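S.K.: structure.csv is reproduced in full below (CSV, C-alpha atoms and all ligand atoms).
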```
chain,number,residue,atom,x,y,z
B,24,MET,CA,-32.4,52.8,-10.7
B,25,ALA,CA,-34.5,55.8,-9.7
B,26,VAL,CA,-35.2,56.1,-6.0
B,27,PRO,CA,-38.5,54.2,-5.4
B,28,THR,CA,-41.4,56.2,-3.8
B,29,GLY,CA,-43.8,53.4,-3.0
B,30,VAL,CA,-43.7,50.9,-0.1
B,31,LEU,CA,-42.3,48.0,-2.2
B,32,TRP,CA,-40.3,48.0,-5.4
B,33,GLU,CA,-38.6,45.4,-7.6
B,34,ARG,CA,-35.2,44.0,-6.6
B,35,ASP,CA,-32.6,44.6,-9.2
B,36,PRO,CA,-29.6,42.3,-9.9
B,37,HIS,CA,-27.3,44.6,-8.0
B,38,THR,CA,-29.4,44.3,-4.9
B,39,ALA,CA,-29.6,40.5,-5.4
B,40,ALA,CA,-25.8,40.3,-5.5
B,41,LYS,CA,-25.5,42.5,-2.5
B,42,HIS,CA,-27.9,40.2,-0.6
B,43,THR,CA,-25.8,37.1,-1.6
B,44,LEU,CA,-22.7,38.7,-0.2
B,45,LEU,CA,-24.5,39.8,3.0
B,46,ARG,CA,-26.0,36.3,3.5
B,47,ARG,CA,-22.6,34.7,3.0
B,48,TYR,CA,-20.9,37.0,5.4
B,49,LEU,CA,-23.6,36.7,8.1
B,50,ASP,CA,-23.3,32.9,7.7
B,51,ALA,CA,-19.9,33.3,9.3
B,52,TRP,CA,-20.5,36.4,11.5
B,53,PHE,CA,-23.5,35.2,13.6
B,54,PRO,CA,-22.0,31.8,14.7
B,55,ILE,CA,-18.4,33.2,15.2
B,56,MET,CA,-19.6,36.2,17.2
B,57,ALA,CA,-22.3,34.4,19.1
B,58,SER,CA,-19.7,31.9,20.3
B,59,THR,CA,-17.1,34.6,21.1
B,60,PHE,CA,-19.4,37.0,22.9
B,61,ARG,CA,-21.7,34.6,24.8
B,62,ASP,CA,-21.4,36.7,27.9
B,63,VAL,CA,-22.5,40.1,26.4
B,64,GLY,CA,-24.4,39.2,23.3
B,65,ILE,CA,-24.3,40.5,19.8
B,66,THR,CA,-26.2,43.1,17.8
B,67,PHE,CA,-27.1,43.5,14.1
B,68,LEU,CA,-28.1,47.0,13.2
B,69,ASP,CA,-29.9,47.5,9.8
B,70,GLY,CA,-29.9,51.3,9.7
B,71,PHE,CA,-31.7,51.6,6.3
B,72,ALA,CA,-33.8,48.5,6.7
B,73,GLY,CA,-36.4,48.8,3.9
B,74,PRO,CA,-39.8,47.1,3.8
B,75,GLY,CA,-38.5,43.5,4.4
B,76,LYS,CA,-39.3,42.2,0.9
B,77,TYR,CA,-39.5,43.2,-2.8
B,78,THR,CA,-42.2,42.8,-5.4
B,79,ASN,CA,-40.3,39.9,-6.9
B,80,THR,CA,-38.7,38.3,-3.9
B,81,SER,CA,-39.2,37.9,-0.1
B,82,GLU,CA,-35.5,38.2,0.5
B,83,SER,CA,-34.2,41.4,2.1
B,84,SER,CA,-31.4,42.4,4.5
B,85,PRO,CA,-33.6,42.2,7.6
B,86,ALA,CA,-35.0,38.8,6.5
B,87,ILE,CA,-31.5,37.5,5.8
B,88,ALA,CA,-30.3,38.6,9.2
B,89,MET,CA,-33.3,37.0,11.0
B,90,GLU,CA,-32.7,33.7,9.2
B,91,ARG,CA,-29.1,33.7,10.1
B,92,ALA,CA,-29.7,34.6,13.7
B,93,MET,CA,-32.2,31.7,14.0
B,94,ARG,CA,-30.0,29.0,12.7
B,95,GLY,CA,-29.4,26.1,15.2
B,96,GLU,CA,-25.6,26.7,15.3
B,97,VAL,CA,-26.3,30.2,16.7
B,98,THR,CA,-29.4,29.6,18.9
B,99,SER,CA,-27.8,26.5,20.5
B,100,LEU,CA,-25.2,28.8,22.0
B,101,GLY,CA,-27.9,30.7,24.0
B,102,THR,CA,-26.2,34.1,23.2
B,103,ARG,CA,-28.4,37.2,23.5
B,104,THR,CA,-28.9,38.2,19.8
B,105,ARG,CA,-30.4,41.6,19.0
B,106,LEU,CA,-31.7,42.9,15.7
B,107,VAL,CA,-32.3,46.6,15.5
B,108,LEU,CA,-34.0,47.6,12.3
B,109,ILE,CA,-34.5,51.3,11.4
B,110,GLU,CA,-36.6,52.6,8.5
B,111,GLU,CA,-37.6,56.2,7.9
B,112,HIS,CA,-40.5,55.6,5.5
B,113,ARG,CA,-43.6,54.9,7.7
B,114,GLY,CA,-45.3,52.6,5.2
B,115,ARG,CA,-42.1,50.6,4.8
B,116,SER,CA,-41.4,50.3,8.5
B,117,GLU,CA,-45.0,49.1,9.1
B,118,HIS,CA,-44.6,46.6,6.2
B,119,LEU,CA,-41.3,45.4,7.6
B,120,GLN,CA,-42.9,44.8,11.1
B,121,SER,CA,-45.8,42.8,9.7
B,122,HIS,CA,-43.7,40.9,7.2
B,123,LEU,CA,-41.3,39.8,10.0
B,124,ASP,CA,-44.2,38.9,12.3
B,125,ALA,CA,-45.8,36.7,9.6
B,126,ARG,CA,-42.6,35.1,8.4
B,127,PHE,CA,-40.9,34.6,11.8
B,128,PRO,CA,-43.8,34.4,14.3
B,129,GLN,CA,-42.9,35.0,18.0
B,130,SER,CA,-43.8,31.4,18.7
B,131,VAL,CA,-40.8,30.1,16.6
B,132,ARG,CA,-38.3,32.7,17.7
B,133,PRO,CA,-35.6,31.5,20.1
B,134,PRO,CA,-35.8,33.0,23.6
B,135,GLY,CA,-32.5,34.8,23.3
B,136,LEU,CA,-33.5,36.7,20.1
B,137,VAL,CA,-35.0,40.1,20.2
B,138,ALA,CA,-35.9,42.0,16.9
B,139,ARG,CA,-37.2,45.6,17.0
B,140,VAL,CA,-38.4,47.7,14.1
B,141,HIS,CA,-38.1,51.5,14.6
B,142,HIS,CA,-39.6,54.2,12.4
B,143,GLY,CA,-37.5,57.3,11.9
B,144,GLU,CA,-34.1,58.5,10.7
B,145,CYS,CA,-31.2,56.2,11.4
B,146,VAL,CA,-28.9,59.0,12.7
B,147,ASP,CA,-31.6,60.2,15.2
B,148,LEU,CA,-32.6,56.7,16.5
B,149,TYR,CA,-29.7,54.3,16.3
B,150,GLU,CA,-28.0,55.2,19.6
B,151,GLN,CA,-31.1,54.9,21.7
B,152,ALA,CA,-32.5,52.0,19.7
B,153,ILE,CA,-29.4,49.9,20.4
B,154,ALA,CA,-29.3,51.0,24.0
B,155,SER,CA,-33.0,50.0,24.5
B,156,VAL,CA,-32.0,46.3,23.8
B,157,GLY,CA,-28.7,46.6,25.8
B,158,GLY,CA,-26.6,46.3,22.6
B,159,TRP,CA,-23.8,48.7,23.6
B,160,VAL,CA,-22.2,46.1,25.9
B,161,GLY,CA,-21.2,43.9,22.9
B,162,PRO,CA,-20.2,44.0,19.3
B,163,VAL,CA,-22.4,45.6,16.6
B,164,PHE,CA,-22.5,44.8,12.9
B,165,ALA,CA,-24.0,47.8,11.2
B,166,ASN,CA,-25.5,47.4,7.7
B,167,LEU,CA,-25.8,51.0,6.4
B,168,ASP,CA,-27.4,50.6,3.1
B,169,GLY,CA,-28.8,53.9,1.9
B,170,TRP,CA,-29.6,55.1,-1.6
B,171,GLY,CA,-26.7,57.4,-2.1
B,172,ALA,CA,-24.7,59.7,0.2
B,173,ASP,CA,-27.1,59.4,3.1
B,174,VAL,CA,-25.0,57.5,5.7
B,175,ASP,CA,-24.0,60.0,8.4
B,176,TYR,CA,-20.4,59.9,9.5
B,177,ARG,CA,-21.4,60.1,13.2
B,178,ILE,CA,-22.9,56.6,13.0
B,179,VAL,CA,-19.8,55.1,11.4
B,180,GLU,CA,-17.6,56.8,14.0
B,181,ARG,CA,-19.7,55.6,16.9
B,182,ILE,CA,-19.7,52.0,15.7
B,183,ALA,CA,-15.9,52.1,15.1
B,184,GLN,CA,-15.5,53.0,18.8
B,185,GLN,CA,-17.4,49.9,19.8
B,186,ARG,CA,-15.1,46.9,20.4
B,187,SER,CA,-15.1,44.2,17.7
B,188,SER,CA,-17.8,46.1,15.7
B,189,GLU,CA,-18.0,46.4,11.9
B,190,VAL,CA,-19.8,48.5,9.3
B,191,LEU,CA,-20.9,47.7,5.8
B,192,VAL,CA,-21.7,50.9,3.9
B,193,THR,CA,-23.4,50.8,0.5
B,194,PHE,CA,-23.6,53.7,-1.9
B,195,GLN,CA,-25.3,53.6,-5.3
B,196,GLY,CA,-22.9,55.1,-7.8
B,197,GLN,CA,-25.1,57.7,-9.5
B,198,HIS,CA,-26.4,59.0,-6.2
B,199,PHE,CA,-23.0,59.0,-4.5
B,200,VAL,CA,-21.5,61.6,-6.9
B,201,ARG,CA,-24.6,63.6,-7.3
B,202,PHE,CA,-24.4,65.0,-3.8
B,203,VAL,CA,-21.3,67.1,-4.6
B,204,ASN,CA,-23.7,69.4,-6.4
B,205,LEU,CA,-25.9,69.7,-3.3
B,206,GLU,CA,-25.6,71.9,-0.3
B,207,HIS,CA,-22.3,71.7,1.6
B,208,GLN,CA,-23.7,70.1,4.8
B,209,THR,CA,-24.3,66.8,2.9
B,210,GLY,CA,-20.6,66.4,2.2
B,211,GLU,CA,-19.6,67.3,5.8
B,212,ARG,CA,-22.2,64.9,7.1
B,213,VAL,CA,-21.0,62.0,5.1
B,214,PHE,CA,-17.2,62.5,5.2
B,215,GLY,CA,-17.0,64.0,8.7
B,216,ASN,CA,-14.9,66.9,7.5
B,217,SER,CA,-14.5,69.4,4.7
B,218,ASP,CA,-11.7,67.6,2.7
B,219,TRP,CA,-14.3,66.4,0.2
B,220,ARG,CA,-14.6,70.0,-1.1
B,221,GLY,CA,-11.4,69.4,-3.0
B,222,VAL,CA,-13.5,67.6,-5.5
B,223,GLY,CA,-14.7,70.9,-6.9
B,224,ASP,CA,-11.2,71.6,-8.5
B,225,LEU,CA,-10.9,68.2,-10.2
B,226,PRO,CA,-11.7,67.2,-13.8
B,227,THR,CA,-14.9,65.1,-14.0
B,228,GLU,CA,-13.1,61.8,-14.4
B,229,GLU,CA,-11.1,62.3,-11.2
B,230,LYS,CA,-14.1,63.3,-9.0
B,231,ARG,CA,-15.4,59.8,-8.3
B,232,PRO,CA,-12.0,58.1,-7.5
B,233,PHE,CA,-11.2,61.1,-5.3
B,234,LEU,CA,-14.4,60.8,-3.3
B,235,LEU,CA,-14.1,57.0,-3.0
B,236,ASP,CA,-10.6,57.2,-1.7
B,237,LEU,CA,-11.6,59.9,0.7
B,238,TYR,CA,-14.4,57.8,2.1
B,239,ARG,CA,-12.0,54.9,2.6
B,240,LEU,CA,-9.7,57.2,4.5
B,241,ALA,CA,-12.7,58.5,6.5
B,242,LEU,CA,-13.5,55.0,7.6
B,243,ARG,CA,-9.9,54.5,8.6
B,244,ALA,CA,-9.9,57.8,10.5
B,245,ALA,CA,-13.1,56.6,12.3
B,246,GLY,CA,-11.0,53.8,13.8
B,247,PHE,CA,-11.3,50.8,11.4
B,248,ASP,CA,-7.9,49.2,10.8
B,249,HIS,CA,-9.1,47.6,7.6
B,250,VAL,CA,-11.4,48.9,5.0
B,251,LEU,CA,-12.3,46.7,2.1
B,252,THR,CA,-13.8,48.5,-0.8
B,253,PHE,CA,-15.2,47.3,-4.2
B,254,GLU,CA,-17.5,48.3,-6.9
B,255,MET,CA,-20.2,46.1,-8.5
B,256,LEU,CA,-21.3,47.0,-12.0
B,257,ASP,CA,-24.4,45.7,-13.7
B,258,GLU,CA,-24.9,45.2,-17.4
B,259,GLY,CA,-26.2,48.8,-17.9
B,260,GLY,CA,-23.0,50.1,-16.3
B,261,ARG,CA,-24.7,51.2,-13.1
B,262,SER,CA,-22.5,50.9,-10.1
B,263,LEU,CA,-22.8,50.2,-6.5
B,264,TYR,CA,-20.0,50.7,-4.0
B,265,GLN,CA,-19.5,48.8,-0.8
B,266,PHE,CA,-17.1,49.7,2.0
B,267,PHE,CA,-16.5,47.1,4.7
B,268,GLY,CA,-14.8,48.5,7.9
B,269,THR,CA,-13.4,46.1,10.5
B,270,ASN,CA,-10.5,45.6,12.9
B,271,SER,CA,-10.3,41.9,12.2
B,272,GLU,CA,-8.2,40.3,9.5
B,273,THR,CA,-10.3,37.1,9.8
B,274,ALA,CA,-13.4,39.2,9.0
B,275,VAL,CA,-11.7,40.6,5.9
B,276,GLU,CA,-10.9,37.0,4.9
B,277,LYS,CA,-14.5,35.9,5.5
B,278,PHE,CA,-15.9,38.8,3.6
B,279,LYS,CA,-13.7,38.1,0.6
B,280,ASP,CA,-14.6,34.4,0.7
B,281,GLY,CA,-18.2,35.6,0.2
B,282,LEU,CA,-17.2,38.0,-2.6
B,283,TRP,CA,-15.3,35.3,-4.5
B,284,GLU,CA,-17.9,32.5,-4.2
B,285,VAL,CA,-19.4,32.7,-7.6
B,286,ASP,CA,-22.9,31.2,-7.6
B,287,GLY,CA,-25.7,33.8,-7.6
B,288,VAL,CA,-23.3,36.7,-8.2
B,289,SER,CA,-22.6,36.0,-11.9
B,290,GLY,CA,-23.6,38.7,-14.4
B,291,GLN,CA,-22.2,41.3,-12.0
B,292,ARG,CA,-18.8,42.8,-12.8
B,293,PHE,CA,-16.5,43.7,-10.0
B,294,ARG,CA,-13.9,46.4,-9.9
B,295,ASP,CA,-11.4,47.6,-7.3
B,296,PRO,CA,-12.0,51.4,-7.1
B,297,ARG,CA,-8.3,51.8,-6.4
B,298,ASP,CA,-7.1,50.1,-9.6
B,299,PRO,CA,-5.7,53.0,-11.7
B,300,ASN,CA,-6.6,51.1,-14.9
B,301,GLN,CA,-10.1,50.6,-13.7
B,302,LEU,CA,-10.4,47.0,-14.9
B,303,ALA,CA,-13.7,45.4,-14.2
B,304,PHE,CA,-14.1,41.6,-14.4
B,305,ASP,CA,-16.7,38.9,-13.8
B,306,ILE,CA,-15.9,36.9,-10.7
B,307,LEU,CA,-16.6,33.9,-12.9
B,308,GLU,CA,-13.8,35.0,-15.2
B,309,PRO,CA,-11.4,36.9,-13.0
B,310,ASP,CA,-8.8,39.2,-14.4
B,311,PHE,CA,-5.6,39.0,-12.4
B,312,ALA,CA,-3.7,41.8,-14.3
B,313,PRO,CA,-4.3,44.3,-11.5
B,314,LEU,CA,-3.0,41.9,-8.9
B,315,GLU,CA,0.1,41.2,-11.0
B,316,ASN,CA,0.7,44.9,-11.4
B,317,THR,CA,0.4,45.4,-7.7
B,318,ILE,CA,2.9,42.6,-7.0
B,319,LEU,CA,5.4,44.2,-9.5
B,320,GLU,CA,5.0,47.6,-7.9
B,321,LEU,CA,5.7,46.2,-4.5
B,322,LEU,CA,8.8,44.4,-5.7
B,323,ASP,CA,10.0,47.6,-7.5
B,324,GLU,CA,10.1,49.1,-4.0
B,325,ARG,CA,11.9,46.2,-2.3
B,326,GLU,CA,12.2,42.5,-1.9
B,327,GLN,CA,9.1,40.9,-0.4
B,328,SER,CA,8.3,37.5,1.1
B,329,MET,CA,5.3,35.6,-0.2
B,330,GLU,CA,3.6,36.2,3.1
B,331,GLU,CA,4.0,40.0,2.8
B,332,LEU,CA,2.6,39.8,-0.7
B,333,ARG,CA,-0.3,37.7,0.5
B,334,GLN,CA,-1.0,40.1,3.4
B,335,HIS,CA,-1.0,43.1,1.0
B,336,ALA,CA,-3.5,41.3,-1.3
B,337,LEU,CA,-5.8,40.5,1.6
B,338,LEU,CA,-5.8,43.9,3.2
B,339,GLU,CA,-5.3,46.3,0.3
B,340,THR,CA,-6.9,44.8,-2.8
B,341,ILE,CA,-10.1,43.0,-3.9
B,342,TYR,CA,-8.1,39.7,-4.3
B,343,LYS,CA,-7.7,36.9,-1.9
B,344,GLN,CA,-4.5,35.6,-0.3
B,345,ALA,CA,-4.8,32.3,-2.2
B,346,HIS,CA,-4.6,34.3,-5.5
B,347,VAL,CA,-1.1,35.5,-4.9
B,348,LYS,CA,1.1,32.3,-5.3
B,349,PRO,CA,-0.2,31.4,-8.8
B,350,ARG,CA,0.4,35.0,-9.9
B,351,VAL,CA,4.0,35.1,-8.5
B,352,ASP,CA,4.7,31.7,-10.1
B,353,ALA,CA,3.4,33.1,-13.4
B,354,LEU,CA,5.6,36.2,-13.1
B,355,VAL,CA,8.6,34.0,-12.3
B,356,ALA,CA,7.9,31.9,-15.4
B,357,GLU,CA,7.7,35.1,-17.5
B,358,GLY,CA,11.1,36.1,-16.2
B,359,LYS,CA,9.8,39.3,-14.5
B,360,VAL,CA,10.3,38.1,-10.9
B,361,GLU,CA,12.9,35.8,-9.3
B,362,GLN,CA,13.1,34.0,-6.0
B,363,VAL,CA,16.1,35.3,-4.1
B,364,ARG,CA,15.7,33.3,-0.9
B,365,THR,CA,14.0,30.1,0.1
B,366,GLY,CA,12.3,29.3,3.4
B,367,ARG,CA,10.9,26.5,5.4
B,368,SER,CA,7.5,27.0,3.7
B,369,TYR,CA,6.5,28.8,0.5
B,370,ARG,CA,5.3,31.7,2.5
B,371,GLU,CA,8.8,32.5,3.7
B,372,ARG,CA,10.3,32.6,0.2
B,373,VAL,CA,11.5,36.0,-0.8
B,374,PHE,CA,11.1,37.5,-4.2
B,375,ALA,CA,12.6,40.4,-6.2
B,376,ARG,CA,12.3,42.0,-9.6
B,377,THR,CA,14.5,40.3,-12.1
B,378,GLN,CA,17.6,42.3,-12.8
B,379,GLN,CA,17.4,43.8,-16.3
B,380,LEU,CA,20.8,43.3,-18.0
B,381,PHE,CA,20.1,45.6,-20.9
A,1,LIG,C1,-31.6,50.6,-0.4
A,1,LIG,S1,-33.0,50.6,0.6
A,1,LIG,C2,-32.6,49.4,1.8
A,1,LIG,C3,-32.8,48.0,1.4
A,1,LIG,C4,-32.6,47.0,2.5
A,1,LIG,N1,-31.4,47.2,3.3
A,1,LIG,C5,-32.5,45.6,1.9
A,1,LIG,O1,-31.4,45.2,1.6
A,1,LIG,O2,-33.5,44.9,1.7
A,1,LIG,C6,-32.8,52.0,1.5
A,1,LIG,C7,-34.0,52.2,2.6
A,1,LIG,O3,-33.5,53.2,3.5
A,1,LIG,C8,-34.6,54.0,3.8
A,1,LIG,N2,-34.0,55.3,4.3
A,1,LIG,C9,-33.5,56.3,3.5
A,1,LIG,N3,-33.0,57.3,4.3
A,1,LIG,C10,-33.1,56.8,5.6
A,1,LIG,C11,-32.6,57.3,6.8
A,1,LIG,N4,-32.0,58.5,6.9
A,1,LIG,N5,-32.9,56.6,7.9
A,1,LIG,C12,-33.5,55.4,7.9
A,1,LIG,N6,-34.0,54.9,6.7
A,1,LIG,C13,-33.7,55.6,5.6
A,1,LIG,C14,-35.4,54.1,2.6
A,1,LIG,O4,-36.8,54.4,2.8
A,1,LIG,C15,-35.3,52.7,2.0
A,1,LIG,O5,-36.3,51.9,2.4
```
Can you turn what I pasted into structure tokens?
M.R.:
Amino acid sequence: MAVPTGVLWERDPHTAAKHTLLRRYLDAWFPIMASTFRDVGITFLDGFAGPGKYTNTSESSPAIAMERAMRGEVTSLGTRTRLVLIEEHRGRSEHLQSHLDARFPQSVRPPGLVARVHHGECVDLYEQAIASVGGWVGPVFANLDGWGADVDYRIVERIAQQRSSEVLVTFQGQHFVRFVNLEHQTGERVFGNSDWRGVGDLPTEEKRPFLLDLYRLALRAAGFDHVLTFEMLDEGGRSLYQFFGTNSETAVEKFKDGLWEVDGVSGQRFRDPRDPNQLAFDILEPDFAPLENTILELLDEREQSMEELRQHALLETIYKQAHVKPRVDALVAEGKVEQVRTGRSYRERVFARTQQLF
């Protein structure tokens, strides 16, 4: 998709899938966080908020967040809930304000909810915008959904320092790699250091995986214990990358539950950018070959319990913990893996690669 210039544009299937995932994750995030942080309140930052709707749908990331924040299970807790929405295009920020006012009039908003639209660049405004609603006393979920390589590393770093906070960074594939041809400040700004320049020495096919891996490491360096990353591909082969940074294993689980719930996301293909074979699959018809390969690689290194394999799948791959046992069972049935110790539960069972006699 070319970068739109008008106030509104049509929502493409990628963005629809991205909205489905965001909605599902926020379905969990708002009630869990509002219940955990009743004393200090919670903040949703949409740093690249857009105009609030599309020519073909009134769904958008700010509208999804408003709806989730206004659900009874959240408002009944009475937790201070702040929505900070930043948009640099004047026409879009004005549209966002009037769209939210019309769709969620002040008269129906719960007393504990504050939603503010700011016009300007995210990196210039976010610190003060969050401070102005008292958001730095509690956790922040930052949705950083730019076109390409336009999310400044300073924002990610700042959010990572904030207790129990998370980022969801989106890059559109074609824009993400293009920046390597731009002036050097862009790379420094996005990655936070100059390691990205190594991309210049690489063959074309290695440039993208190199940058994606570097970005994952940059989020880890910023302070996130867990970085979940995946690529969505549409029918035209255009890709969109999402990086989810968090310090909570439960959050990784919830995010993956959203990713693997199929309705509304069909037609999109998913890929783990770290899979060396770059297998892409429809979530409706998953391909577990990359997971089986990962299990075999781990067992080549040493014996592993089922729980260790499940943890690895959760934290280091696109797959869920629940996908592991059926794959291990299949590998045992194929004679590639054997159980070497049993345990009180299946999670304690220990597995190894089958000894090859010839
Ligand atoms: C991909 S769209 C966002 C869509 C929106 N998050 C949604 O899901 O409905 C990116 C938006 O970010 C805005 N934008 C681009 N650079 C920005 C910046 N540096 N600061 C704030 N907004 C920016 C663009 O004008 C555009 O409206």
S.K.: Smallest atom-to-atom distance to Leu106 in chain B: which of B:Arg364, B:Arg370, B:Arg126, B:Arg91, using only C-alpha atoms?
M.R.: B:Arg91
S.K.: Any residue with an atom at most 7 Å from ligand LIG 1 (chain A) counts, using only C-alpha atoms and all ligand atoms. Which are they? Put them as a list in words.
M.R.: Thr38, His42, Asp69, Gly70, Phe71, Ala72, Gly73, Pro74, Gly75, Lys76, Ser83, Ser84, Pro85, Ile109, Glu110, Glu111, His112, Arg115, Gly143, Glu144, Cys145, Val146, Asp168, Gly169, Trp170 and Asp173 of chain B
S.K.: State, in Å with one decimal place, the distance from CA of Asp35 in chain B to CA of Tyr342 in chain B.
M.R.: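 Between CA of Asp35 in chain B and CA of Tyr342 in chain B the gap is 25.5 Å.
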S.K.: Using CA of Glu339 in chain B and CA of Val250 in chain B as the two end points, give the distance in Å to one decimal.
M.R.: 8.1 Å
S.K.: For Met56 in chain B, find every residue with an atom within 10 Å (counting only C-alpha atoms), except residues of its own chain fewer than 6 positions away, and show them as a list in words.
M.R.: Leu49, Gly64, Ile65, Thr66, Val97, Thr102, Thr104, Gly161, Pro162, Val163 and Ser187 of chain B
S.K.: Residues at most 10 Å from Val373 in chain B, counting all atoms listed in the file, excluding those fewer than 6 positions away in the same chain, as a list in words?
M.R.: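 These residues fall inside the cut-off: Glu326, Gln327, Ser328, Met329, Glu330, Glu331, Leu332, Glu361, Gln362, Val363, Arg364, Thr365 and Gly366 of chain B.
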S.K.: Just the number, please: distance in Å from CA of Phe53 in chain B to CA of Gly135 in chain B, one decimal.
M.R.: 13.2 Å
S.K.: Which residues, written as a list in words, have at least one atom at most 7 Å from range 255-264 of chain B, with all atoms listed in the file counted and residues fewer than 2 positions away on the same chain left out?
M.R.: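 So the residues in contact are His37, Thr193, Phe194, Gln195, Gly196, Phe253, Phe266, Gln291, Arg292, Phe293 and Arg294 of chain B.
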S.K.: Could you check the closest approach to Tyr149 in chain B for each of B:Leu119, B:Leu68, B:Val190, B:Ala125 and tell me which residue wins, using all atoms listed in the file?
M.R.: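 Ranking B:Leu119, B:Leu68, B:Val190, B:Ala125 by distance to Tyr149 in chain B, first place goes to B:Leu68.
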S.K.: Calculated over all atoms listed in the file, which of the candidates B:Ala356, B:Ile153, B:Ala57, B:Leu167 has the smallest distance to Phe267 in chain B?
M.R.: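 The closest residue to Phe267 in chain B is B:Leu167.
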S.K.: With all atoms listed in the file as the atoms that count, which of B:Gly158, B:Ala241, B:Leu136, B:Pro299 lies nearest to Arg177 in chain B?
M.R.: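 Closest to Arg177 in chain B, using all atoms listed in the file: B:Ala241.
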S.K.: Would you pick out the contacts of range 224-231 of chain B at 12 Å or less, using all atoms listed in the file, so that residues sharing its chain but fewer than 2 positions from it are not included, and give the list as a list in words?
M.R.: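 Final neighbour list, sorted by chain and number: Gly196, Gln197, His198, Phe199, Val200, Arg201, Phe202, Val203, Asn204, Asp218, Trp219, Arg220, Gly221, Val222, Phe233, Leu234, Leu235, Asp236, Leu237, Tyr238, Glu254, Ser262, Tyr264, Pro296, Arg297, Pro299 and Gln301 of chain B.
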S.K.: With all atoms listed in the file as the basis for distance, which of B:Ala86, B:Val131, B:Val160, B:Leu337 is at the shortest distance from Lys277 in chain B?
M.R.: B:Leu337
S.K.: Here is a test: counting all atoms listed in the file, which residue of B:Leu44, B:Val347, B:Leu282, B:Ala138 is nearest to Met93 in chain B?
M.R.: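 Of the candidates, the smallest distance to Met93 in chain B is held by B:Ala138.
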S.K.: Show which residues sit within 12 Å of Asn79 in chain B, as a ChimeraX atom specification. Count all atoms listed in the file, and ignore same-chain residues fewer than 5 positions away.
M.R.: /B:31-36,38-39
